[in-house]
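**Q** Got a structure for you, protein-v7.txt, holding compact mmCIF, N, CA and C atoms.
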```
# COMPACT_ATOMS: atom_id res chain seq x y z
N MET A 90 77.34 89.43 83.03
CA MET A 90 78.01 90.00 84.19
C MET A 90 78.99 91.06 83.70
N SER A 91 78.94 92.24 84.29
CA SER A 91 79.84 93.32 83.91
C SER A 91 81.21 93.10 84.52
N THR A 92 82.19 93.86 84.05
CA THR A 92 83.54 93.80 84.61
C THR A 92 83.51 94.15 86.09
N PHE A 93 82.69 95.12 86.48
CA PHE A 93 82.61 95.53 87.88
C PHE A 93 82.03 94.42 88.76
N ASP A 94 81.02 93.69 88.23
CA ASP A 94 80.46 92.58 89.00
C ASP A 94 81.53 91.54 89.28
N HIS A 95 82.37 91.26 88.30
CA HIS A 95 83.45 90.29 88.46
C HIS A 95 84.44 90.78 89.52
N LEU A 96 84.79 92.06 89.47
CA LEU A 96 85.72 92.61 90.46
C LEU A 96 85.13 92.58 91.86
N ASP A 97 83.84 92.91 91.97
CA ASP A 97 83.18 92.90 93.28
C ASP A 97 83.21 91.51 93.90
N ALA A 98 83.03 90.48 93.07
CA ALA A 98 83.01 89.12 93.59
C ALA A 98 84.36 88.70 94.14
N GLU A 99 85.45 89.32 93.64
CA GLU A 99 86.79 88.94 94.08
C GLU A 99 87.29 89.76 95.26
N LEU A 100 86.60 90.82 95.64
CA LEU A 100 87.06 91.64 96.74
C LEU A 100 86.87 90.92 98.06
N GLU A 101 87.81 91.15 98.95
CA GLU A 101 87.75 90.55 100.28
C GLU A 101 86.72 91.27 101.14
N ALA A 102 86.10 90.51 102.02
CA ALA A 102 85.18 91.12 102.98
C ALA A 102 85.98 91.85 104.04
N GLY A 103 85.32 92.72 104.76
CA GLY A 103 86.00 93.47 105.82
C GLY A 103 85.08 94.53 106.38
N TRP A 104 85.68 95.53 106.96
CA TRP A 104 84.96 96.60 107.65
C TRP A 104 85.45 97.96 107.17
N VAL A 105 84.56 98.94 107.20
CA VAL A 105 84.89 100.30 106.81
C VAL A 105 84.40 101.25 107.90
N LEU A 106 85.26 102.18 108.29
CA LEU A 106 84.89 103.31 109.15
C LEU A 106 84.99 104.53 108.26
N GLU A 107 83.87 105.22 108.06
CA GLU A 107 83.84 106.29 107.07
C GLU A 107 83.08 107.49 107.61
N GLY A 108 83.59 108.67 107.30
CA GLY A 108 82.92 109.89 107.73
C GLY A 108 83.72 111.11 107.34
N MET A 109 83.57 112.16 108.16
CA MET A 109 84.23 113.44 107.90
C MET A 109 84.89 113.94 109.19
N ASP A 110 85.96 114.72 109.00
CA ASP A 110 86.53 115.38 110.17
C ASP A 110 85.81 116.73 110.34
N VAL A 111 86.24 117.53 111.32
CA VAL A 111 85.54 118.79 111.60
C VAL A 111 85.70 119.82 110.48
N GLU A 112 86.66 119.62 109.59
CA GLU A 112 86.84 120.52 108.45
C GLU A 112 86.22 119.96 107.18
N ASN A 113 85.33 118.98 107.33
CA ASN A 113 84.63 118.33 106.22
C ASN A 113 85.54 117.62 105.23
N ARG A 114 86.68 117.16 105.71
CA ARG A 114 87.55 116.32 104.87
C ARG A 114 87.10 114.87 105.04
N PRO A 115 86.98 114.13 103.93
CA PRO A 115 86.53 112.74 104.04
C PRO A 115 87.59 111.85 104.70
N ILE A 116 87.10 110.89 105.48
CA ILE A 116 87.97 109.89 106.11
C ILE A 116 87.37 108.54 105.78
N ARG A 117 88.19 107.62 105.32
CA ARG A 117 87.74 106.25 105.02
C ARG A 117 88.83 105.29 105.44
N LEU A 118 88.56 104.52 106.48
CA LEU A 118 89.49 103.53 106.98
C LEU A 118 88.94 102.15 106.64
N VAL A 119 89.72 101.34 105.92
CA VAL A 119 89.29 100.02 105.49
C VAL A 119 90.12 98.97 106.21
N PHE A 120 89.44 97.95 106.73
CA PHE A 120 90.09 96.86 107.44
C PHE A 120 89.64 95.55 106.83
N GLY A 121 90.52 94.88 106.09
CA GLY A 121 90.18 93.60 105.47
C GLY A 121 90.15 92.48 106.51
N GLU A 122 89.32 91.48 106.26
CA GLU A 122 89.21 90.34 107.19
C GLU A 122 90.55 89.64 107.38
N THR A 123 91.31 89.46 106.31
CA THR A 123 92.60 88.78 106.42
C THR A 123 93.57 89.59 107.26
N GLU A 124 93.64 90.89 107.03
CA GLU A 124 94.52 91.76 107.81
C GLU A 124 94.14 91.72 109.29
N LEU A 125 92.85 91.79 109.59
CA LEU A 125 92.40 91.75 110.98
C LEU A 125 92.72 90.40 111.62
N ALA A 126 92.54 89.31 110.88
CA ALA A 126 92.82 87.99 111.42
C ALA A 126 94.31 87.80 111.70
N ARG A 127 95.16 88.39 110.89
CA ARG A 127 96.61 88.25 111.05
C ARG A 127 97.20 89.17 112.12
N SER A 128 96.50 90.23 112.46
CA SER A 128 97.04 91.17 113.45
C SER A 128 96.83 90.59 114.85
N TYR A 129 97.90 90.44 115.57
CA TYR A 129 97.86 89.79 116.88
C TYR A 129 96.98 90.54 117.86
N LEU A 130 97.25 91.82 118.07
CA LEU A 130 96.48 92.62 119.01
C LEU A 130 95.39 93.45 118.34
N GLY A 131 95.51 93.67 117.05
CA GLY A 131 94.56 94.50 116.32
C GLY A 131 95.29 95.57 115.54
N ILE A 132 94.54 96.44 114.92
CA ILE A 132 95.07 97.50 114.08
C ILE A 132 94.89 98.82 114.82
N THR A 133 95.97 99.55 114.97
CA THR A 133 95.96 100.79 115.74
C THR A 133 95.59 101.97 114.85
N VAL A 134 94.70 102.83 115.37
CA VAL A 134 94.25 104.04 114.67
C VAL A 134 94.61 105.23 115.53
N GLY A 135 95.19 106.25 114.90
CA GLY A 135 95.53 107.46 115.63
C GLY A 135 96.14 108.51 114.72
N ARG A 136 96.71 109.53 115.32
CA ARG A 136 97.25 110.66 114.57
C ARG A 136 98.70 110.47 114.15
N HIS A 137 99.48 109.64 114.84
CA HIS A 137 100.91 109.53 114.61
C HIS A 137 101.24 108.38 113.65
N PRO A 138 101.80 108.70 112.45
CA PRO A 138 102.04 107.66 111.44
C PRO A 138 103.06 106.60 111.86
N ALA A 139 104.00 106.92 112.73
CA ALA A 139 104.99 105.93 113.16
C ALA A 139 104.42 104.98 114.22
N LEU A 140 103.34 105.37 114.88
CA LEU A 140 102.77 104.57 115.96
C LEU A 140 101.50 103.83 115.56
N CYS A 141 100.94 104.15 114.39
CA CYS A 141 99.62 103.62 114.02
C CYS A 141 99.62 102.98 112.64
N ASP A 142 98.71 102.03 112.48
CA ASP A 142 98.51 101.38 111.18
C ASP A 142 97.61 102.21 110.28
N ARG A 143 96.67 102.96 110.86
CA ARG A 143 95.78 103.86 110.13
C ARG A 143 95.87 105.23 110.79
N VAL A 144 96.00 106.27 109.97
CA VAL A 144 96.22 107.62 110.49
C VAL A 144 95.03 108.52 110.17
N ILE A 145 94.61 109.28 111.19
CA ILE A 145 93.62 110.34 111.02
C ILE A 145 94.30 111.63 111.44
N ASP A 146 94.49 112.52 110.47
CA ASP A 146 95.22 113.77 110.72
C ASP A 146 94.26 114.82 111.26
N ASP A 147 93.97 114.72 112.55
CA ASP A 147 93.09 115.68 113.21
C ASP A 147 93.62 115.87 114.63
N PRO A 148 93.76 117.12 115.09
CA PRO A 148 94.33 117.36 116.42
C PRO A 148 93.50 116.81 117.58
N GLY A 149 92.21 116.50 117.35
CA GLY A 149 91.38 115.92 118.40
C GLY A 149 91.59 114.42 118.57
N VAL A 150 92.32 113.82 117.63
CA VAL A 150 92.62 112.38 117.68
C VAL A 150 93.99 112.23 118.34
N SER A 151 94.08 111.33 119.30
CA SER A 151 95.35 111.10 120.00
C SER A 151 96.36 110.41 119.09
N ARG A 152 97.63 110.48 119.49
CA ARG A 152 98.69 109.82 118.69
C ARG A 152 98.38 108.34 118.50
N ARG A 153 97.98 107.65 119.54
CA ARG A 153 97.49 106.26 119.49
C ARG A 153 96.11 106.31 120.13
N HIS A 154 95.07 106.36 119.33
CA HIS A 154 93.73 106.63 119.87
C HIS A 154 92.94 105.36 120.20
N MET A 155 92.84 104.45 119.23
CA MET A 155 92.05 103.24 119.47
C MET A 155 92.63 102.07 118.69
N ARG A 156 92.16 100.88 119.06
CA ARG A 156 92.57 99.67 118.37
C ARG A 156 91.31 98.99 117.82
N VAL A 157 91.43 98.45 116.60
CA VAL A 157 90.34 97.75 115.92
C VAL A 157 90.77 96.29 115.78
N SER A 158 89.88 95.38 116.15
CA SER A 158 90.16 93.96 116.00
C SER A 158 88.87 93.25 115.62
N VAL A 159 88.95 91.95 115.40
CA VAL A 159 87.77 91.17 115.11
C VAL A 159 87.83 89.89 115.95
N SER A 160 86.68 89.50 116.48
CA SER A 160 86.57 88.29 117.27
C SER A 160 85.25 87.61 116.93
N GLU A 161 85.33 86.36 116.49
CA GLU A 161 84.15 85.59 116.12
C GLU A 161 83.28 86.35 115.11
N GLY A 162 83.93 87.00 114.14
CA GLY A 162 83.22 87.71 113.09
C GLY A 162 82.66 89.07 113.46
N THR A 163 82.92 89.52 114.70
CA THR A 163 82.41 90.81 115.16
C THR A 163 83.54 91.81 115.28
N LEU A 164 83.32 93.01 114.73
CA LEU A 164 84.30 94.08 114.86
C LEU A 164 84.33 94.54 116.31
N ARG A 165 85.54 94.77 116.83
CA ARG A 165 85.70 95.21 118.21
C ARG A 165 86.59 96.45 118.24
N LEU A 166 86.24 97.38 119.13
CA LEU A 166 87.00 98.62 119.29
C LEU A 166 87.41 98.76 120.74
N GLU A 167 88.60 99.32 120.95
CA GLU A 167 89.02 99.64 122.31
C GLU A 167 89.79 100.95 122.31
N ASP A 168 89.53 101.74 123.30
CA ASP A 168 90.23 103.02 123.46
C ASP A 168 91.61 102.74 124.05
N LEU A 169 92.62 103.45 123.55
CA LEU A 169 94.00 103.25 124.02
C LEU A 169 94.43 104.39 124.94
N ASN A 170 93.58 104.73 125.88
CA ASN A 170 93.85 105.80 126.84
C ASN A 170 93.99 107.15 126.14
N SER A 171 93.10 107.37 125.17
CA SER A 171 93.14 108.62 124.40
C SER A 171 92.70 109.80 125.27
N LEU A 172 93.19 110.97 124.93
CA LEU A 172 92.86 112.17 125.70
C LEU A 172 91.38 112.55 125.57
N ASN A 173 90.84 112.50 124.35
CA ASN A 173 89.46 112.93 124.11
C ASN A 173 88.45 111.79 124.08
N GLY A 174 88.89 110.57 124.28
CA GLY A 174 87.99 109.43 124.37
C GLY A 174 87.46 108.95 123.04
N THR A 175 86.78 107.80 123.12
CA THR A 175 86.14 107.17 121.97
C THR A 175 84.72 106.82 122.38
N LEU A 176 83.77 107.12 121.50
CA LEU A 176 82.37 106.80 121.74
C LEU A 176 81.86 105.87 120.65
N VAL A 177 81.01 104.92 121.03
CA VAL A 177 80.24 104.13 120.08
C VAL A 177 78.80 104.43 120.42
N GLY A 178 78.08 105.06 119.48
CA GLY A 178 76.77 105.60 119.81
C GLY A 178 77.00 106.73 120.80
N ASN A 179 76.37 106.68 121.93
CA ASN A 179 76.60 107.68 122.97
C ASN A 179 77.35 107.11 124.16
N ALA A 180 77.86 105.89 124.01
CA ALA A 180 78.53 105.22 125.13
C ALA A 180 80.05 105.31 125.00
N ASP A 181 80.70 105.59 126.12
CA ASP A 181 82.16 105.61 126.15
C ASP A 181 82.70 104.21 125.89
N VAL A 182 83.75 104.14 125.08
CA VAL A 182 84.46 102.88 124.88
C VAL A 182 85.48 102.76 126.01
N PRO A 183 85.43 101.67 126.78
CA PRO A 183 86.37 101.53 127.90
C PRO A 183 87.81 101.46 127.42
N GLN A 184 88.70 101.95 128.25
CA GLN A 184 90.13 101.89 127.93
C GLN A 184 90.61 100.46 128.06
N PHE A 185 91.27 99.99 126.99
CA PHE A 185 91.90 98.68 126.96
C PHE A 185 90.91 97.53 127.18
N HIS A 186 89.65 97.73 126.84
CA HIS A 186 88.63 96.70 126.95
C HIS A 186 87.78 96.72 125.67
N PRO A 187 88.05 95.79 124.73
CA PRO A 187 87.33 95.82 123.45
C PRO A 187 85.83 95.60 123.61
N ILE A 188 85.05 96.40 122.86
CA ILE A 188 83.60 96.24 122.82
C ILE A 188 83.17 96.06 121.37
N PRO A 189 82.03 95.40 121.13
CA PRO A 189 81.58 95.19 119.75
C PRO A 189 81.06 96.46 119.10
N ALA A 190 81.27 96.54 117.80
CA ALA A 190 80.72 97.63 116.99
C ALA A 190 80.03 96.97 115.79
N HIS A 191 78.87 97.49 115.43
CA HIS A 191 78.05 96.87 114.40
C HIS A 191 77.77 97.85 113.26
N PRO A 192 77.48 97.33 112.06
CA PRO A 192 77.15 98.21 110.93
C PRO A 192 76.05 99.20 111.31
N GLY A 193 76.27 100.45 110.90
CA GLY A 193 75.31 101.52 111.17
C GLY A 193 75.62 102.31 112.42
N GLN A 194 76.46 101.76 113.30
CA GLN A 194 76.79 102.50 114.51
C GLN A 194 77.75 103.65 114.20
N VAL A 195 77.62 104.72 114.99
CA VAL A 195 78.47 105.89 114.83
C VAL A 195 79.56 105.85 115.89
N ILE A 196 80.79 106.10 115.44
CA ILE A 196 81.95 106.13 116.33
C ILE A 196 82.49 107.55 116.33
N VAL A 197 82.84 108.06 117.50
CA VAL A 197 83.42 109.39 117.61
C VAL A 197 84.79 109.27 118.26
N LEU A 198 85.81 109.77 117.57
CA LEU A 198 87.18 109.83 118.08
C LEU A 198 87.52 111.31 118.22
N GLY A 199 87.53 111.81 119.41
CA GLY A 199 87.76 113.24 119.59
C GLY A 199 86.66 114.03 118.91
N ARG A 200 86.99 114.68 117.78
CA ARG A 200 86.02 115.48 117.03
C ARG A 200 85.64 114.82 115.70
N VAL A 201 86.16 113.63 115.43
CA VAL A 201 85.92 112.94 114.17
C VAL A 201 84.78 111.93 114.35
N THR A 202 83.82 111.98 113.43
CA THR A 202 82.68 111.07 113.47
C THR A 202 82.75 110.12 112.29
N LEU A 203 82.67 108.81 112.58
CA LEU A 203 82.75 107.78 111.56
C LEU A 203 81.57 106.82 111.72
N THR A 204 81.14 106.23 110.62
CA THR A 204 80.07 105.24 110.65
C THR A 204 80.64 103.88 110.26
N VAL A 205 80.23 102.85 110.96
CA VAL A 205 80.69 101.48 110.71
C VAL A 205 79.85 100.85 109.61
N SER A 206 80.50 100.18 108.66
CA SER A 206 79.78 99.39 107.66
C SER A 206 80.65 98.20 107.26
N ARG A 207 80.02 97.22 106.66
CA ARG A 207 80.75 96.08 106.11
C ARG A 207 81.32 96.51 104.77
N LEU A 208 82.49 96.04 104.44
CA LEU A 208 83.14 96.39 103.18
C LEU A 208 82.28 95.94 102.00
N THR A 209 81.66 94.78 102.08
CA THR A 209 80.83 94.31 100.99
C THR A 209 79.63 95.21 100.76
N ASP A 210 79.08 95.83 101.84
CA ASP A 210 77.95 96.74 101.72
C ASP A 210 78.34 98.01 100.96
N THR A 211 79.55 98.53 101.22
CA THR A 211 79.96 99.77 100.57
C THR A 211 80.33 99.53 99.11
N VAL A 212 80.86 98.35 98.78
CA VAL A 212 81.25 98.05 97.41
C VAL A 212 80.03 97.83 96.53
N THR A 213 79.03 97.10 97.05
CA THR A 213 77.86 96.79 96.25
C THR A 213 76.78 97.85 96.35
N GLY A 214 76.97 98.84 97.23
CA GLY A 214 76.00 99.92 97.36
C GLY A 214 74.77 99.55 98.15
N GLN A 215 74.86 98.52 98.97
CA GLN A 215 73.71 98.09 99.77
C GLN A 215 73.51 98.93 100.99
```
Please render this file's structure as structure tokens.
**A**
Amino acid sequence: MSTFDHLDAELEAGWVLEGMDVENRPIRLVFGETELARSYLGITVGRHPALCDRVIDDPGVSRRHMRVSVSEGTLRLEDLNSLNGTLVGNADVPQFHPIPAHPGQVIVLGRVTLTVSRLTDTVTGQ
């Protein structure tokens, strides 16, 4: 077993939202299972660092754009009344009503496109 195999085995499971903004800058938001389980309402994503747990510096993303949570092992997303909306696939994410998101689905926040994956999938290259 290599050193990397040992490190991979010790990493926590979780979720990754990864993609590019409109200027081709990479975006990678990681949400560990423990952090998600401990967050009462979820983890807030948006443009404003004082209001959000994860920041995306893009003018198309609202100051408080969406919330990420987990319920029964499923990642859930909810729009926080953002100006430009949130899409999962081609469907609007309802405001203040969490919906499930699954690995491989594409999420759009304003002009930013992200793909959902499990943290273990991105670490092991699956």
**Q** Suppose you want the space between atom N of Pro138 in chain A and atom C of Arg152 in chain A; what is it in Å?
**A**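 Separation between atom N of Pro138 in chain A and atom C of Arg152 in chain A: 7.0 Å.
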**Q** Take atom C of His191 in chain A and CA of Val105 in chain A and report the distance between them in Å, one decimal.
**A**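 Distance reported for this atom pair: 9.9 Å.
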**Q** Could you give me, as a list in words, each residue of chain A that DSSP assigns to alpha helix (DSSP H) when run on this structure's backbone?
**A**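 Checking each residue of chain A, the alpha helix (DSSP H) ones are Thr92, Phe93, Asp94, His95, Leu96, Asp97, Ala98, Glu99, Glu122, Thr123, Glu124, Leu125, Ala126, Arg127, Leu208, Thr209, Asp210, Thr211, Val212 and Thr213 of chain A.
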**Q** Put the listed atoms of range 140-146 of chain A in a box along x, y and z with 8 Å added on every side and give me the centre and edge lengths in Å to one decimal, as lines of an AutoDock Vina configuration file.
**A**
```
center_x = 98.5
center_y = 108.1
center_z = 113.0
size_x = 25.7
size_y = 29.4
size_z = 22.0
```
**Q** One decimal, Å: what's the distance from CA of Gly135 in chain A over to CA of Arg207 in chain A, could you say?
**A**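 It comes out at 20.9 Å.
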**Q** Please run DSSP on the backbone and report, as a PyMOL selection string, all residues within chain A that come out as strand (DSSP E or B).
**A** chain A and resi 103-109+115-121+132-135+143-144+155-160+163-168+175-177+180-181+184+188-190+195-198+201-207
**Q** Need the neighbours of (88.9, 97.8, 121.2): which residues are at most 7 Å away, counting all atoms listed in the file, as a VMD selection string?
**A** chain A and resid 155 to 158 165 to 168 185 to 188
**Q** Ranking A:Ser171, A:Ala102, A:Arg114, A:Gly162 by minimum distance to Arg136 in chain A and counting only C-alpha atoms, which one comes first?
**A** A:Ser171
**Q** Pull the neighbourhood of (84.2, 109.8, 109.6) for me: all residues within 6.5 Å in file coordinates, counting only N, CA and C atoms, as a ChimeraX atom specification.
**A** /A:106-110,115-117,201-204
**Q** Nearest residue to Gln194 in chain A out of A:Thr163, A:Ser128, A:Ser206, A:Asn173, using all atoms listed in the file?
**A**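 When distances to Gln194 in chain A are compared using all atoms listed in the file, the smallest one comes from A:Ser206.
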**Q** My list of candidates is A:Pro183, A:Val197, A:Asp142, A:Val111. Which is closest to Leu169 in chain A when distances are computed with only N, CA and C atoms?
**A** A:Pro183
**Q** Considering all atoms listed in the file, return as a ChimeraX atom specification whatever protein or nucleic-acid residues lie within 8 Å of Glu122 in chain A, sequence-local ones (same chain, fewer than 2 positions apart) excluded.
**A** /A:101-104,119-120,124-128
**Q** Supply range 110-126 of chain A as a PDB file, in the frame of the given file, with N, CA, C and O atoms built in where the input has gaps.
**A**
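Saved as part_2.pdb:
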```pdb
ATOM      1  N   ASP A 110      85.960 114.720 109.000  1.00  0.00           N
ATOM      2  CA  ASP A 110      86.530 115.380 110.170  1.00  0.00           C
ATOM      3  C   ASP A 110      85.810 116.730 110.340  1.00  0.00           C
ATOM      4  O   ASP A 110      84.876 117.042 109.603  1.00  0.00           O
ATOM      5  N   VAL A 111      86.240 117.530 111.320  1.00  0.00           N
ATOM      6  CA  VAL A 111      85.540 118.790 111.600  1.00  0.00           C
ATOM      7  C   VAL A 111      85.700 119.820 110.480  1.00  0.00           C
ATOM      8  O   VAL A 111      84.942 120.777 110.417  1.00  0.00           O
ATOM      9  N   GLU A 112      86.660 119.620 109.590  1.00  0.00           N
ATOM     10  CA  GLU A 112      86.840 120.520 108.450  1.00  0.00           C
ATOM     11  C   GLU A 112      86.220 119.960 107.180  1.00  0.00           C
ATOM     12  O   GLU A 112      86.552 120.384 106.078  1.00  0.00           O
ATOM     13  N   ASN A 113      85.330 118.980 107.330  1.00  0.00           N
ATOM     14  CA  ASN A 113      84.630 118.330 106.220  1.00  0.00           C
ATOM     15  C   ASN A 113      85.540 117.620 105.230  1.00  0.00           C
ATOM     16  O   ASN A 113      85.203 117.491 104.056  1.00  0.00           O
ATOM     17  N   ARG A 114      86.680 117.160 105.710  1.00  0.00           N
ATOM     18  CA  ARG A 114      87.550 116.320 104.870  1.00  0.00           C
ATOM     19  C   ARG A 114      87.100 114.870 105.040  1.00  0.00           C
ATOM     20  O   ARG A 114      86.881 114.421 106.169  1.00  0.00           O
ATOM     21  N   PRO A 115      86.980 114.130 103.930  1.00  0.00           N
ATOM     22  CA  PRO A 115      86.530 112.740 104.040  1.00  0.00           C
ATOM     23  C   PRO A 115      87.590 111.850 104.700  1.00  0.00           C
ATOM     24  O   PRO A 115      88.788 112.031 104.491  1.00  0.00           O
ATOM     25  N   ILE A 116      87.100 110.890 105.480  1.00  0.00           N
ATOM     26  CA  ILE A 116      87.970 109.890 106.110  1.00  0.00           C
ATOM     27  C   ILE A 116      87.370 108.540 105.780  1.00  0.00           C
ATOM     28  O   ILE A 116      86.153 108.325 105.951  1.00  0.00           O
ATOM     29  N   ARG A 117      88.190 107.620 105.320  1.00  0.00           N
ATOM     30  CA  ARG A 117      87.740 106.250 105.020  1.00  0.00           C
ATOM     31  C   ARG A 117      88.830 105.290 105.440  1.00  0.00           C
ATOM     32  O   ARG A 117      89.902 105.253 104.844  1.00  0.00           O
ATOM     33  N   LEU A 118      88.560 104.520 106.480  1.00  0.00           N
ATOM     34  CA  LEU A 118      89.490 103.530 106.980  1.00  0.00           C
ATOM     35  C   LEU A 118      88.940 102.150 106.640  1.00  0.00           C
ATOM     36  O   LEU A 118      87.823 101.807 107.029  1.00  0.00           O
ATOM     37  N   VAL A 119      89.720 101.340 105.920  1.00  0.00           N
ATOM     38  CA  VAL A 119      89.290 100.020 105.490  1.00  0.00           C
ATOM     39  C   VAL A 119      90.120  98.970 106.210  1.00  0.00           C
ATOM     40  O   VAL A 119      91.357  99.079 106.291  1.00  0.00           O
ATOM     41  N   PHE A 120      89.440  97.950 106.730  1.00  0.00           N
ATOM     42  CA  PHE A 120      90.090  96.860 107.440  1.00  0.00           C
ATOM     43  C   PHE A 120      89.640  95.550 106.830  1.00  0.00           C
ATOM     44  O   PHE A 120      88.487  95.139 107.007  1.00  0.00           O
ATOM     45  N   GLY A 121      90.520  94.880 106.090  1.00  0.00           N
ATOM     46  CA  GLY A 121      90.180  93.600 105.470  1.00  0.00           C
ATOM     47  C   GLY A 121      90.150  92.480 106.510  1.00  0.00           C
ATOM     48  O   GLY A 121      90.869  92.525 107.512  1.00  0.00           O
ATOM     49  N   GLU A 122      89.320  91.480 106.260  1.00  0.00           N
ATOM     50  CA  GLU A 122      89.210  90.340 107.190  1.00  0.00           C
ATOM     51  C   GLU A 122      90.550  89.640 107.380  1.00  0.00           C
ATOM     52  O   GLU A 122      90.900  89.274 108.498  1.00  0.00           O
ATOM     53  N   THR A 123      91.310  89.460 106.310  1.00  0.00           N
ATOM     54  CA  THR A 123      92.600  88.780 106.420  1.00  0.00           C
ATOM     55  C   THR A 123      93.570  89.590 107.260  1.00  0.00           C
ATOM     56  O   THR A 123      94.236  89.051 108.147  1.00  0.00           O
ATOM     57  N   GLU A 124      93.640  90.890 107.030  1.00  0.00           N
ATOM     58  CA  GLU A 124      94.520  91.760 107.810  1.00  0.00           C
ATOM     59  C   GLU A 124      94.140  91.720 109.290  1.00  0.00           C
ATOM     60  O   GLU A 124      94.999  91.623 110.174  1.00  0.00           O
ATOM     61  N   LEU A 125      92.850  91.790 109.590  1.00  0.00           N
ATOM     62  CA  LEU A 125      92.400  91.750 110.980  1.00  0.00           C
ATOM     63  C   LEU A 125      92.720  90.400 111.620  1.00  0.00           C
ATOM     64  O   LEU A 125      93.148  90.347 112.776  1.00  0.00           O
ATOM     65  N   ALA A 126      92.540  89.310 110.880  1.00  0.00           N
ATOM     66  CA  ALA A 126      92.820  87.990 111.420  1.00  0.00           C
ATOM     67  C   ALA A 126      94.310  87.800 111.700  1.00  0.00           C
ATOM     68  O   ALA A 126      94.680  87.120 112.659  1.00  0.00           O
TER      69      ALA A 126
END
```
